[in-house]
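Encoded as structure tokens, the structure appears first; notes follow it.
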Amino acid sequence: MTEVFPLVIDFLSRSLMLIGALSVLIGGIGVLRMPDIYSRIHAASLTDTMGTIALFSGLMLEAGFALATFKLFAIMVFLLLTGPTATYALANAVLESGSVPAAAKLSDGDDFKGETK
Amino acid sequence: MNLYEFLGYYNYWVFAVLLMIGFYAVIAKTNLIKKLIGLSIFQSAVFLMYISMDKVEGGTAPILKPEMTDLIYSNPLPQVLILTAIVVGVATLALGLAIVVRINERYGSIEEHDLLDAD
Amino acid sequence: MTIVFALFLLSLLVITALAIVQTRNLFVAVMLLSIFSLLMAANFFVLDAADVALTEAAVGAGVTTVIFLSALTLISGTEKKAPQAGRGVALIVVTITTLLIIYATFDKPRLGDPEAPVHQHVAPFYIENTYELMGFPNVVTAVLASFRGYDTLGEVFVVFAAAIGVLFILDARTGTGPAYGMPEARGLKHHLIPKAVGGLLVPFVLLFGLYVQFHGEYGPGGGFQAGAIVATAIILYAILEGEKAALRAVPRSVLMALVVGGALLYGLVGVVCMLMGGDFLDYSVLLPDPVVGRQVGIIIIEAGVGMAVCGSLLSIFHAFASRRPSRIDHESV
């Protein structure tokens, strides 16, 4: 059991990092292919959460029980706090500048009234 | 010239390309802010060349660990020079932007041909 | 495998630089410049320069973007007009010069060659003698603050002069006058979430800035990075709560005192060393034990550098940010 344990840790951390890299790639493709700025922001948020958690968990498993693990955890908490906040501020700024979401035009006839208080 | 030497020269070729991209922005664009941005790219390319001179293969960052006597350290000297240069670069950039703001208030535009026509 | 990663980072730099020059919208160009600085910091880290990567990330990707954006809001036109004819000559000159420089780089020694001339004379002296003469591990801080202390003194004076220059050009010494005073100063609209998260983060960023300042001798860090990080924390506070709140927290007189005090402190340490019998900026005469004397001298001048850089960056930010735009044609004022 103890001989196979490092192998399991290795395999787990590599697959987590691969999942993280794949979600960053999917987020990037989504940003390029989506039609509207709001859907692009939504696609990019995949990088904020899934990519961050998967990549940093893989790195923490690889580092073992060292000081670097705690530092990686602190960086991950920082990114998880500030990434979605920045996304919120960006979407708010886009709304304030007057861009109407594309999906709002598909509803039945009534216009989208943005909040401008 | 084998593969590793070729890959080593790639740093310097990127430096040459970035230098000329920044220089092109300074001489060929007419907007003053674009010229300042091109100057910033030019500076960063010079920093890249200095820092790529300091790498020693198999080396590590120059923070000493005296109990391990067989470590090779990278050269600390270009890093000191570039540390100074980065901060001086941002200081001159701020000064340039202040002048551009005053030019805009005086003449109403920051395109080069408008400024040359107005004087 | 790291070689492939390094090549990929370098190619990303070229692509970003091409996109910056190509685009016409100035806001897009400034955002891409911030990404360019971050990629450059990653490149510096791959090339084993940890201090320089920290400085480039803090100063280049952080403060430069803020200064550019605050200058762009004062300039009413953000779109660029079509360029003049004469681009053809510029393109030809640039291409020929690129080929000449690439031809010249074949004479350089291979990247990482330990026998290259740059690694021979002065650098081994610094690496071997830092631990005996100074007693701490970070060679870059030792060279910056003690072996080459004159250059750092000149740099502090340059930063000081730039801050004074910006304040005089924009006529912003006291913050009053015809060009100043926004009608009402407020932070972001719909500000609840960024205020909550940002208010949580500001004390931690300040703490990290102080950590970087005092641990500059044991790891990557030092006065410049610390000054930039502390200035970034206060700029974040100014963006969230409004500029008047930030000016109440750190008033202009304090900023002036920081800038002037930092530069004076550095020069004063040098003069005190002369009065104690050594040369200018020779810290070994400050205390009876020369190693501890050098450490004390380095701590004091790093504090001076941090104060000067923080004060200058904040003064420059306030000079740009509190200025009224001249032609008011957005509805956001």
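Residues are named by chain letter and number: chains run A, B, ... in the order of the structure tokens, numbers start at 1 in each chain, and ligands are numbered from 1 in the order shown.
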Which residues of chain A sit at most 10 Å from chain C, using only C-alpha atoms? Give each one's shortest atom pair and distance in Å (one decimal place), in chain and ascending residue order, as a Markdown table.
```
| residue | atom | partner | partner_atom | distance |
| --- | --- | --- | --- | --- |
| A:Phe78 | CA | C:Leu201 | CA | 8.7 |
| A:Leu81 | CA | C:Val197 | CA | 7.2 |
| A:Thr82 | CA | C:Val197 | CA | 7.4 |
| A:Pro84 | CA | C:Pro194 | CA | 9.8 |
| A:Thr85 | CA | C:Pro194 | CA | 6.0 |
| A:Ala86 | CA | C:Pro194 | CA | 7.8 |
| A:Tyr88 | CA | C:Pro194 | CA | 8.0 |
| A:Ala89 | CA | C:Pro194 | CA | 7.0 |
| A:Asn92 | CA | C:His190 | CA | 7.6 |
| A:Ala93 | CA | C:Lys189 | CA | 8.7 |
| A:Glu96 | CA | C:Lys189 | CA | 8.7 |
| A:Ser97 | CA | C:Ser332 | CA | 9.4 |
| A:Thr116 | CA | C:Lys189 | CA | 9.4 |
| A:Lys117 | CA | C:Lys189 | CA | 8.5 |
```
Please report, as CSV, each residue of chain B lying at most 6 Å from chain C, together with the nearest pair of atoms and the separation in Å rounded to one decimal; use only C-alpha atoms, and order rows by chain and ascending residue number.
```
residue,atom,partner,partner_atom,distance
B:Gly8,CA,C:Leu111,CA,4.9
B:Trp13,CA,C:Ile102,CA,5.8
B:Ala16,CA,C:Thr98,CA,5.9
B:Met20,CA,C:Val94,CA,5.9
B:Ala28,CA,C:Arg87,CA,5.9
B:Lys55,CA,C:Gly112,CA,5.0
B:Val56,CA,C:Gly112,CA,4.0
B:Glu57,CA,C:Gly112,CA,4.5
B:Thr60,CA,C:Asp48,CA,5.9
B:Ala61,CA,C:Asp48,CA,4.8
B:Pro62,CA,C:Val139,CA,6.0
B:Ile63,CA,C:Asn138,CA,4.5
B:Leu64,CA,C:Pro137,CA,4.6
B:Pro76,CA,C:Val140,CA,5.7
B:Val80,CA,C:Leu144,CA,5.8
B:Leu83,CA,C:Val52,CA,5.7
B:Ala91,CA,C:Ala162,CA,5.6
B:Leu95,CA,C:Val166,CA,5.5
```
Print the selection's residues with C-alpha atoms to a file, as a PDB file, in the first residue's frame.
```
ATOM      1  CA  GLY B   8      19.026  29.679 -27.078  1.00  0.00           C
ATOM      2  CA  TRP B  13      15.465  37.125 -31.970  1.00  0.00           C
ATOM      3  CA  ALA B  16      15.060  42.129 -31.951  1.00  0.00           C
ATOM      4  CA  MET B  20      11.490  47.023 -33.840  1.00  0.00           C
ATOM      5  CA  ALA B  28       4.920  55.611 -37.730  1.00  0.00           C
ATOM      6  CA  LYS B  55      20.975  32.945 -17.105  1.00  0.00           C
ATOM      7  CA  VAL B  56      23.464  30.170 -16.380  1.00  0.00           C
ATOM      8  CA  GLU B  57      22.379  26.692 -17.375  1.00  0.00           C
ATOM      9  CA  THR B  60      18.884  29.018  -9.867  1.00  0.00           C
ATOM     10  CA  ALA B  61      17.820  32.424  -8.622  1.00  0.00           C
ATOM     11  CA  PRO B  62      20.661  34.245  -6.838  1.00  0.00           C
ATOM     12  CA  ILE B  63      19.446  33.759  -3.284  1.00  0.00           C
ATOM     13  CA  LEU B  64      22.221  32.008  -1.427  1.00  0.00           C
ATOM     14  CA  PRO B  76      22.877  38.902 -10.153  1.00  0.00           C
ATOM     15  CA  VAL B  80      20.215  44.941 -10.363  1.00  0.00           C
ATOM     16  CA  LEU B  83      15.471  46.722 -11.364  1.00  0.00           C
ATOM     17  CA  ALA B  91       8.640  57.579 -13.695  1.00  0.00           C
ATOM     18  CA  LEU B  95       5.976  62.580 -16.832  1.00  0.00           C
TER      19      LEU B  95
END
```
### helix (DSSP H, G or I) positions in chain B, given as a PyMOL selection string
chain B and resi 3-28+32-52+77-107+112-118
### Task
Find the distance between CA of Ala91 (chain A) and CA of Leu69 (chain C) and write it in Å to one decimal.
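So the answer is 18.5 Å.
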### Query
What is the CA of Met17 (chain A)-CA of Leu55 (chain A) distance in Å, reported with one decimal?
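These two atoms are separated by 4.7 Å.
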### Query
Ile299 (chain C): which residues within 8 Å, counting only C-alpha atoms, same-chain residues fewer than 4 positions away excluded, as a VMD selection string?
chain C and resid 214 295 303
